[in-house]
Structures are given as C-alpha cells and as structure tokens.
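Asker: Dumping the structure here so I can ask a few things about it.
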Amino acid sequence: MSDDTGARPATERMLLDPEEIVARQAYDIPRVRLPGRDTVFRPRAARLRTLAETSTIGDYLRFVATIADAQQQQLDSYPALPLPPVERMEQNRKFGMPPLNAVSLQRAPAWRTILRSLLTTVLHSELPAPLRVTLEQFATQVDDYFEAQASKLLSANLQGLNVAVAPLLAAALQVYFVGMASQFTLEDVPALGEASLCPCCGSRSTASLARIGAQEAGYRYLSCALCATEWHMVRVKCTQCLSTKDIHYQSIDDGRPGREHAVKAECCDACNTYLKILYLDRDPNLDACADDLASVALDVLVGETGRPGCGVNYMLVQGETAAP
Ligand SMILES: [Zn+2]
Ligand SMILES: [Zn+2]
C-alpha cells in the first residue's frame, strides 16, 4: 500500500466502509489502543528534539520537548493516578458516555500538584524572559483559578482562557488523563456513539495515524489530544462529519528521501475541514503531537484555501488572551 488512493484503499473501502465493526471482527484488529506509561511522553520528547534540528520553529519544539520530559517525570512519580468512583464510570458507560468524560469529570487534586511540579521544572530551564515572567505569574495562582482554567480548556471555552500558559495547563491534565487511561483494559472503554470523539475521555483528536505492525498494518487510528488513547476509524473517511465522499489529500514535500509525504492533510469537501494523517510506514517515529506541530507549514497551506483544521493540539492553543 502506498497511498490512500492506491490499490489497498479500494479493497479497504469495499470491505470496511459499510460496517466498521464487521471489519474489526474479520481482521481482529484492536478497536482501541490504550496509552502505556512509557509510550507517550518519552518518545514524544525524543521526536520533538529530532524534528527541532531541521525545523524553522526548532526553539518552540525544544520547549515542548522540555515539557514532555517533565510530563514523563511526573507520570513516573505516580504509580497510579486516582480514578473516578467506579459507579460514576459505570454510569457514564451505561449512558454511552466515555468513562473519563473530561468535561464532567471531577478532577482529583493530584493534577494540580502535577501542574505546580511541571511549572517548577520548566522554570528551571532556559526560557525567553517574557515567557518566564508569564509562567512565574501563573505559578502564583490559587487552586480555584487552575480549576476554572482547566474547565475552560477542556470544554473548549476560549473566553477568559489564558492562552499563553495553556500548554502547561494542558500538559498537567495530559499526565493526569494518560495516567488514568493507562490503568484501563479494552473492556473498560466501550465504543461511543460519536465516532469523532475519544471513547476514553471524550476529547477530540490531534491527528490520525496509519499504523504499521503485524495486526494493524495500514489501519487508521485517531489519536486523542488529551489521554493519548487511539481509536480505529476506517481510512478515506472524514473524521469530523464521517463523509466518505470527496475526500482528498494535501501535503508538502519535506525533502526527506524515502520519507516524503509522511504527513498529509485529509481534506473533506462535505464539511470543508481537514485533519492530518501520519503514515508510520513512511516514518515509524511519527508522533501525533510532535509532527502536528512541526508540520505547521501544511496548516498554513491548507488554511489559505479557507479550510479550518479540526485537530486539537494543546501545545498550540489559539484563542483570546486574558490576564491571569
Ligand atoms: Zn482521550
Ligand atoms: Zn467532513
């Protein structure tokens, strides 16, 4: 298989598009890939540093790598993040909601301890002076402020969200949610009615990944921006409106022989949005968060056609800025 318009997708469409669940039974591919404690932040930090070497936004990628290192350090210091009450998660599942529904979940105080530790670590690194002042000011805030900001971020309410520090806020929440999700088994995460949202925490995806591996080769998974759970969705299908018509791809030649076009924008004419798709057969080290950031030129290219992206990357939150 070489492309979404190549030989394999035609077969894939024929076999998979009508009933995804039938395909899953036929091929026995995992419906969900849960995050591991070592599979998210450590490889992300390494990937960010590799990408930084040739990127025009290298300094920012290195800053996010510092955050990812600190995230791994925090996750390592919590053998188990506290899960919500079992009855609450059961109730969510019963009503077709994700067990760790990020919008309604009553967060354990641990996430704020993680946030304060992340801030301390990042403030010990080299930072541009204005960013240092912003983060120092943020670090003095009270718990209620952090909770209010977290609620805004998780419900995508940008009004009053302090965008300048949102990556640090999100980084703490990612550690908390990855830590919880990594304790689940597949049975804990039933399928959602809403295919565009993470079945574990209900958040949106950063990008999708066409995977490699004996069982999953060529199958596409959406990568959750918050808890890093991946969930299966057939290829050549809009991840936003689920249309299978008028899907096309845009990419930029990144000049890496043998690894060209490892990141593409999957564009849908039905809802006029796009989400990036990362092809691990072209580069096995691709990371949804890192490669989405590093391919910002592709966002500019696709954005010029008036098509908004539907992916969420918490390391690049855009919106209204408010004083802390
Ligand atoms: Zn999630
Ligand atoms: Zn669409």
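Chain identifiers are assigned as A, B, and so on, following the order in which chains appear in the structure tokens; residues are numbered from 1 within each chain, and ligands are numbered from 1 in order of appearance.
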Write out as a ChimeraX atom specification which residues come within 7 Å of Ala68 (chain A) when counting only C-alpha atoms, dropping same-chain ones fewer than 2 positions away.

Answerer: /A:41-42,44-45,64-66,70-72

Asker: Select the residues contacting ligand 2 at a distance of at most 10 Å, based on only C-alpha atoms and all ligand atoms, then format the selection as a PDB file with N, CA and C atoms, in the first residue's frame.

Answerer:
```pdb
ATOM      1  N   LYS A 237     -12.105   8.592   5.058  1.00  0.00           N
ATOM      2  CA  LYS A 237     -13.377   8.962   5.662  1.00  0.00           C
ATOM      3  C   LYS A 237     -13.133  10.203   6.495  1.00  0.00           C
ATOM      4  N   CYS A 238     -14.017  11.193   6.397  1.00  0.00           N
ATOM      5  CA  CYS A 238     -13.823  12.413   7.186  1.00  0.00           C
ATOM      6  C   CYS A 238     -14.020  12.101   8.668  1.00  0.00           C
ATOM      7  N   THR A 239     -13.049  12.472   9.483  1.00  0.00           N
ATOM      8  CA  THR A 239     -13.124  12.174  10.918  1.00  0.00           C
ATOM      9  C   THR A 239     -14.069  13.134  11.631  1.00  0.00           C
ATOM     10  N   GLN A 240     -14.492  14.174  10.929  1.00  0.00           N
ATOM     11  CA  GLN A 240     -15.364  15.184  11.521  1.00  0.00           C
ATOM     12  C   GLN A 240     -16.838  14.885  11.224  1.00  0.00           C
ATOM     13  N   CYS A 241     -17.182  14.781   9.918  1.00  0.00           N
ATOM     14  CA  CYS A 241     -18.593  14.578   9.540  1.00  0.00           C
ATOM     15  C   CYS A 241     -18.854  13.156   9.061  1.00  0.00           C
ATOM     16  N   LEU A 242     -17.806  12.336   9.000  1.00  0.00           N
ATOM     17  CA  LEU A 242     -17.884  10.921   8.647  1.00  0.00           C
ATOM     18  C   LEU A 242     -18.266  10.673   7.184  1.00  0.00           C
ATOM     19  N   SER A 243     -18.183  11.719   6.359  1.00  0.00           N
ATOM     20  CA  SER A 243     -18.450  11.542   4.935  1.00  0.00           C
ATOM     21  C   SER A 243     -17.333  10.710   4.305  1.00  0.00           C
ATOM     22  N   THR A 244     -17.685   9.884   3.331  1.00  0.00           N
ATOM     23  CA  THR A 244     -16.671   9.111   2.614  1.00  0.00           C
ATOM     24  C   THR A 244     -16.528   9.619   1.180  1.00  0.00           C
ATOM     25  N   LYS A 245     -17.273  10.682   0.863  1.00  0.00           N
ATOM     26  CA  LYS A 245     -17.202  11.237  -0.491  1.00  0.00           C
ATOM     27  C   LYS A 245     -16.324  12.484  -0.477  1.00  0.00           C
ATOM     28  N   ASP A 246     -15.737  12.756  -1.618  1.00  0.00           N
ATOM     29  CA  ASP A 246     -14.971  13.992  -1.793  1.00  0.00           C
ATOM     30  C   ASP A 246     -13.887  14.188  -0.736  1.00  0.00           C
ATOM     31  N   ILE A 247     -13.189  13.112  -0.413  1.00  0.00           N
ATOM     32  CA  ILE A 247     -12.043  13.185   0.483  1.00  0.00           C
ATOM     33  C   ILE A 247     -10.786  13.280  -0.389  1.00  0.00           C
ATOM     34  N   GLU A 266      -5.898  15.404   5.422  1.00  0.00           N
ATOM     35  CA  GLU A 266      -7.045  14.709   4.843  1.00  0.00           C
ATOM     36  C   GLU A 266      -8.193  15.714   4.806  1.00  0.00           C
ATOM     37  N   CYS A 267      -8.534  16.155   3.615  1.00  0.00           N
ATOM     38  CA  CYS A 267      -9.498  17.244   3.456  1.00  0.00           C
ATOM     39  C   CYS A 267     -10.858  16.699   3.030  1.00  0.00           C
ATOM     40  N   CYS A 268     -11.899  17.283   3.612  1.00  0.00           N
ATOM     41  CA  CYS A 268     -13.261  16.841   3.292  1.00  0.00           C
ATOM     42  C   CYS A 268     -14.028  18.017   2.689  1.00  0.00           C
ATOM     43  N   ASP A 269     -14.579  17.816   1.501  1.00  0.00           N
ATOM     44  CA  ASP A 269     -15.344  18.892   0.866  1.00  0.00           C
ATOM     45  C   ASP A 269     -16.762  18.978   1.419  1.00  0.00           C
ATOM     46  N   ALA A 270     -17.218  17.916   2.081  1.00  0.00           N
ATOM     47  CA  ALA A 270     -18.585  17.929   2.616  1.00  0.00           C
ATOM     48  C   ALA A 270     -18.711  18.915   3.778  1.00  0.00           C
ATOM     49  N   CYS A 271     -17.729  18.926   4.690  1.00  0.00           N
ATOM     50  CA  CYS A 271     -17.808  19.849   5.836  1.00  0.00           C
ATOM     51  C   CYS A 271     -16.694  20.893   5.784  1.00  0.00           C
ATOM     52  N   ASN A 272     -15.869  20.824   4.739  1.00  0.00           N
ATOM     53  CA  ASN A 272     -14.817  21.813   4.493  1.00  0.00           C
ATOM     54  C   ASN A 272     -13.791  21.902   5.632  1.00  0.00           C
ATOM     55  N   THR A 273     -13.451  20.778   6.253  1.00  0.00           N
ATOM     56  CA  THR A 273     -12.406  20.777   7.282  1.00  0.00           C
ATOM     57  C   THR A 273     -11.300  19.800   6.867  1.00  0.00           C
ATOM     58  N   TYR A 274     -10.262  19.729   7.677  1.00  0.00           N
ATOM     59  CA  TYR A 274      -9.213  18.739   7.435  1.00  0.00           C
ATOM     60  C   TYR A 274      -8.632  18.282   8.761  1.00  0.00           C
ATOM     61  N   LEU A 275      -8.042  17.098   8.735  1.00  0.00           N
ATOM     62  CA  LEU A 275      -7.283  16.577   9.876  1.00  0.00           C
ATOM     63  C   LEU A 275      -6.038  15.923   9.295  1.00  0.00           C
ATOM     64  N   CYS A 310      -9.623  20.554  12.024  1.00  0.00           N
ATOM     65  CA  CYS A 310     -10.473  20.121  13.135  1.00  0.00           C
ATOM     66  C   CYS A 310      -9.664  19.384  14.200  1.00  0.00           C
TER      67      CYS A 310
END
```

Asker: I'd like the contact shell of region 74-87 of chain A - 7 Å cut-off, only C-alpha atoms, skipping same-chain residues fewer than 2 positions apart - returned as a tab-separated table (two decimals) with C-alpha atoms, in the first residue's frame.

Answerer:
```
chain	number	residue	atom	x	y	z
A	70	ALA	CA	8.77	16.91	32.74
A	71	GLN	CA	5.47	15.16	31.95
A	72	GLN	CA	7.24	11.77	31.88
A	89	MET	CA	-17.59	5.46	35.36
A	90	GLU	CA	-20.24	2.71	35.11
A	91	GLN	CA	-22.98	5.31	34.85
A	108	ALA	CA	-8.57	14.71	41.68
A	114	ILE	CA	1.41	17.83	38.82
A	175	VAL	CA	-0.33	13.50	32.60
A	176	TYR	CA	-3.43	13.04	34.75
A	179	GLY	CA	-2.08	8.10	33.90
A	180	MET	CA	-5.74	7.16	34.40
```

Asker: Given the choices A:Leu192, A:Ala172, A:Leu48, A:Leu115, which gets closest to Tyr60 (chain A) if the distance is worked out from only C-alpha atoms?

Answerer: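 Of all the options, A:Leu48 lies closest to Tyr60 (chain A).
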
Asker: Apply DSSP to the backbone of this structure and, from region 90-279 of chain A, keep only the residues in strand (DSSP E or B); write these as a ChimeraX atom specification.

Answerer: /A:205-210,220-224,230-232,247-250,263-268,273-279

Asker: Show me which residues sit within 7 Å of ligand 1 when counting only C-alpha atoms and all ligand atoms, and put them as a tab-separated table (two decimals) with C-alpha atoms, in the first residue's frame.

Answerer:
```tsv
chain	number	residue	atom	x	y	z
A	198	CYS	CA	-12.17	9.68	22.18
A	199	PRO	CA	-14.04	6.69	23.65
A	200	CYS	CA	-11.99	7.03	26.84
A	201	CYS	CA	-12.25	10.76	27.71
A	202	GLY	CA	-14.48	12.31	25.03
A	203	SER	CA	-11.82	14.73	23.72
A	224	CYS	CA	-6.66	11.69	21.48
A	225	ALA	CA	-5.23	15.14	22.24
A	226	LEU	CA	-5.73	14.63	25.98
A	227	CYS	CA	-5.37	10.99	27.10
A	228	ALA	CA	-3.44	9.66	24.05
A	229	THR	CA	-5.88	6.78	23.57
```

Asker: Residues near Leu280 (chain A), anyone? I mean within 8 Å using only C-alpha atoms, not counting same-chain ones fewer than 2 positions away, as a list in words.

Answerer: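 Listed by chain and then number, they are Leu209, Ala210, Arg211, Ile212, Ala262, Leu278, Arg282, Asp283, Pro284, Asn285 and Leu286 of chain A.
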
Asker: Take the residues from that selection and put them in a file with C-alpha atoms, as a CSV table (one decimal), in the first residue's frame.

Answerer:
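Written output follows (again.csv):
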```csv
chain,number,residue,atom,x,y,z
A,209,LEU,CA,-2.1,7.7,12.3
A,210,ALA,CA,-1.9,5.0,9.6
A,211,ARG,CA,-0.3,2.3,11.7
A,212,ILE,CA,2.3,-0.4,11.0
A,262,ALA,CA,4.7,11.1,5.8
A,278,LEU,CA,0.5,10.5,9.7
A,282,ARG,CA,7.0,6.2,5.8
A,283,ASP,CA,8.5,7.1,9.2
A,284,PRO,CA,7.9,4.8,12.2
A,285,ASN,CA,8.9,7.6,14.7
A,286,LEU,CA,6.0,9.9,13.9
```

Asker: So that I can check the surroundings of Val103 (chain A), please list as a PyMOL selection string every protein, DNA and RNA residue that reaches within 8 Å of it, counting only C-alpha atoms and ignoring chain neighbours fewer than 6 positions away.

Answerer: chain A and resi 151+154-155+202

Asker: Store the residues picked out above in a file with C-alpha atoms, as a PDB file, in the first residue's frame.

Answerer:
```pdb
ATOM      1  CA  SER A 151     -12.686  23.609  32.887  1.00  0.00           C
ATOM      2  CA  LEU A 154     -11.471  21.004  28.476  1.00  0.00           C
ATOM      3  CA  SER A 155     -14.810  22.396  27.336  1.00  0.00           C
ATOM      4  CA  GLY A 202     -14.482  12.310  25.026  1.00  0.00           C
TER       5      GLY A 202
END
```

Asker: Which residues come within 12 Å of Val300 (chain A), counting only C-alpha atoms, excluding same-chain residues fewer than 5 positions away, as a ChimeraX atom specification?

Answerer: /A:250-252,265,293-295,305-309

Asker: Quick one: pull the distance between CA of Ser208 (chain A) and CA of Trp231 (chain A), Å, one decimal.

Answerer: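 Rounded to one decimal, the two atoms are 9.1 Å apart.
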
Asker: Which residues, written as a PDB file with C-alpha atoms, in the first residue's frame, have at least one atom at most 12 Å from Asp59 (chain A), with only C-alpha atoms counted and residues fewer than 2 positions away on the same chain left out?

Answerer:
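Okay, this is what ended up in part-v4.pdb:
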```
ATOM      1  CA  LEU A  48      10.415  16.771  19.167  1.00  0.00           C
ATOM      2  CA  ARG A  49      14.189  17.102  19.541  1.00  0.00           C
ATOM      3  CA  THR A  50      14.793  15.277  16.260  1.00  0.00           C
ATOM      4  CA  LEU A  51      12.294  17.481  14.446  1.00  0.00           C
ATOM      5  CA  ALA A  52      13.753  20.616  16.065  1.00  0.00           C
ATOM      6  CA  GLU A  53      17.086  20.037  14.310  1.00  0.00           C
ATOM      7  CA  THR A  54      15.628  20.903  10.907  1.00  0.00           C
ATOM      8  CA  SER A  55      12.578  22.947  11.832  1.00  0.00           C
ATOM      9  CA  THR A  56      12.063  26.669  11.469  1.00  0.00           C
ATOM     10  CA  ILE A  57      10.258  26.519  14.833  1.00  0.00           C
ATOM     11  CA  LEU A  61       9.758  22.272  19.590  1.00  0.00           C
ATOM     12  CA  ARG A  62      12.622  22.110  22.114  1.00  0.00           C
ATOM     13  CA  PHE A  63      10.464  23.971  24.668  1.00  0.00           C
ATOM     14  CA  VAL A  64       7.668  21.414  24.157  1.00  0.00           C
ATOM     15  CA  ALA A  65      10.287  18.647  24.493  1.00  0.00           C
ATOM     16  CA  THR A  66      11.253  20.091  27.892  1.00  0.00           C
ATOM     17  CA  GLU A 126      16.220  28.243  29.837  1.00  0.00           C
ATOM     18  CA  LEU A 127      13.302  30.427  28.822  1.00  0.00           C
ATOM     19  CA  PRO A 128      12.813  33.717  26.996  1.00  0.00           C
ATOM     20  CA  LEU A 293       3.427  20.986  15.497  1.00  0.00           C
ATOM     21  CA  ALA A 294       6.381  20.519  13.175  1.00  0.00           C
TER      22      ALA A 294
END
```
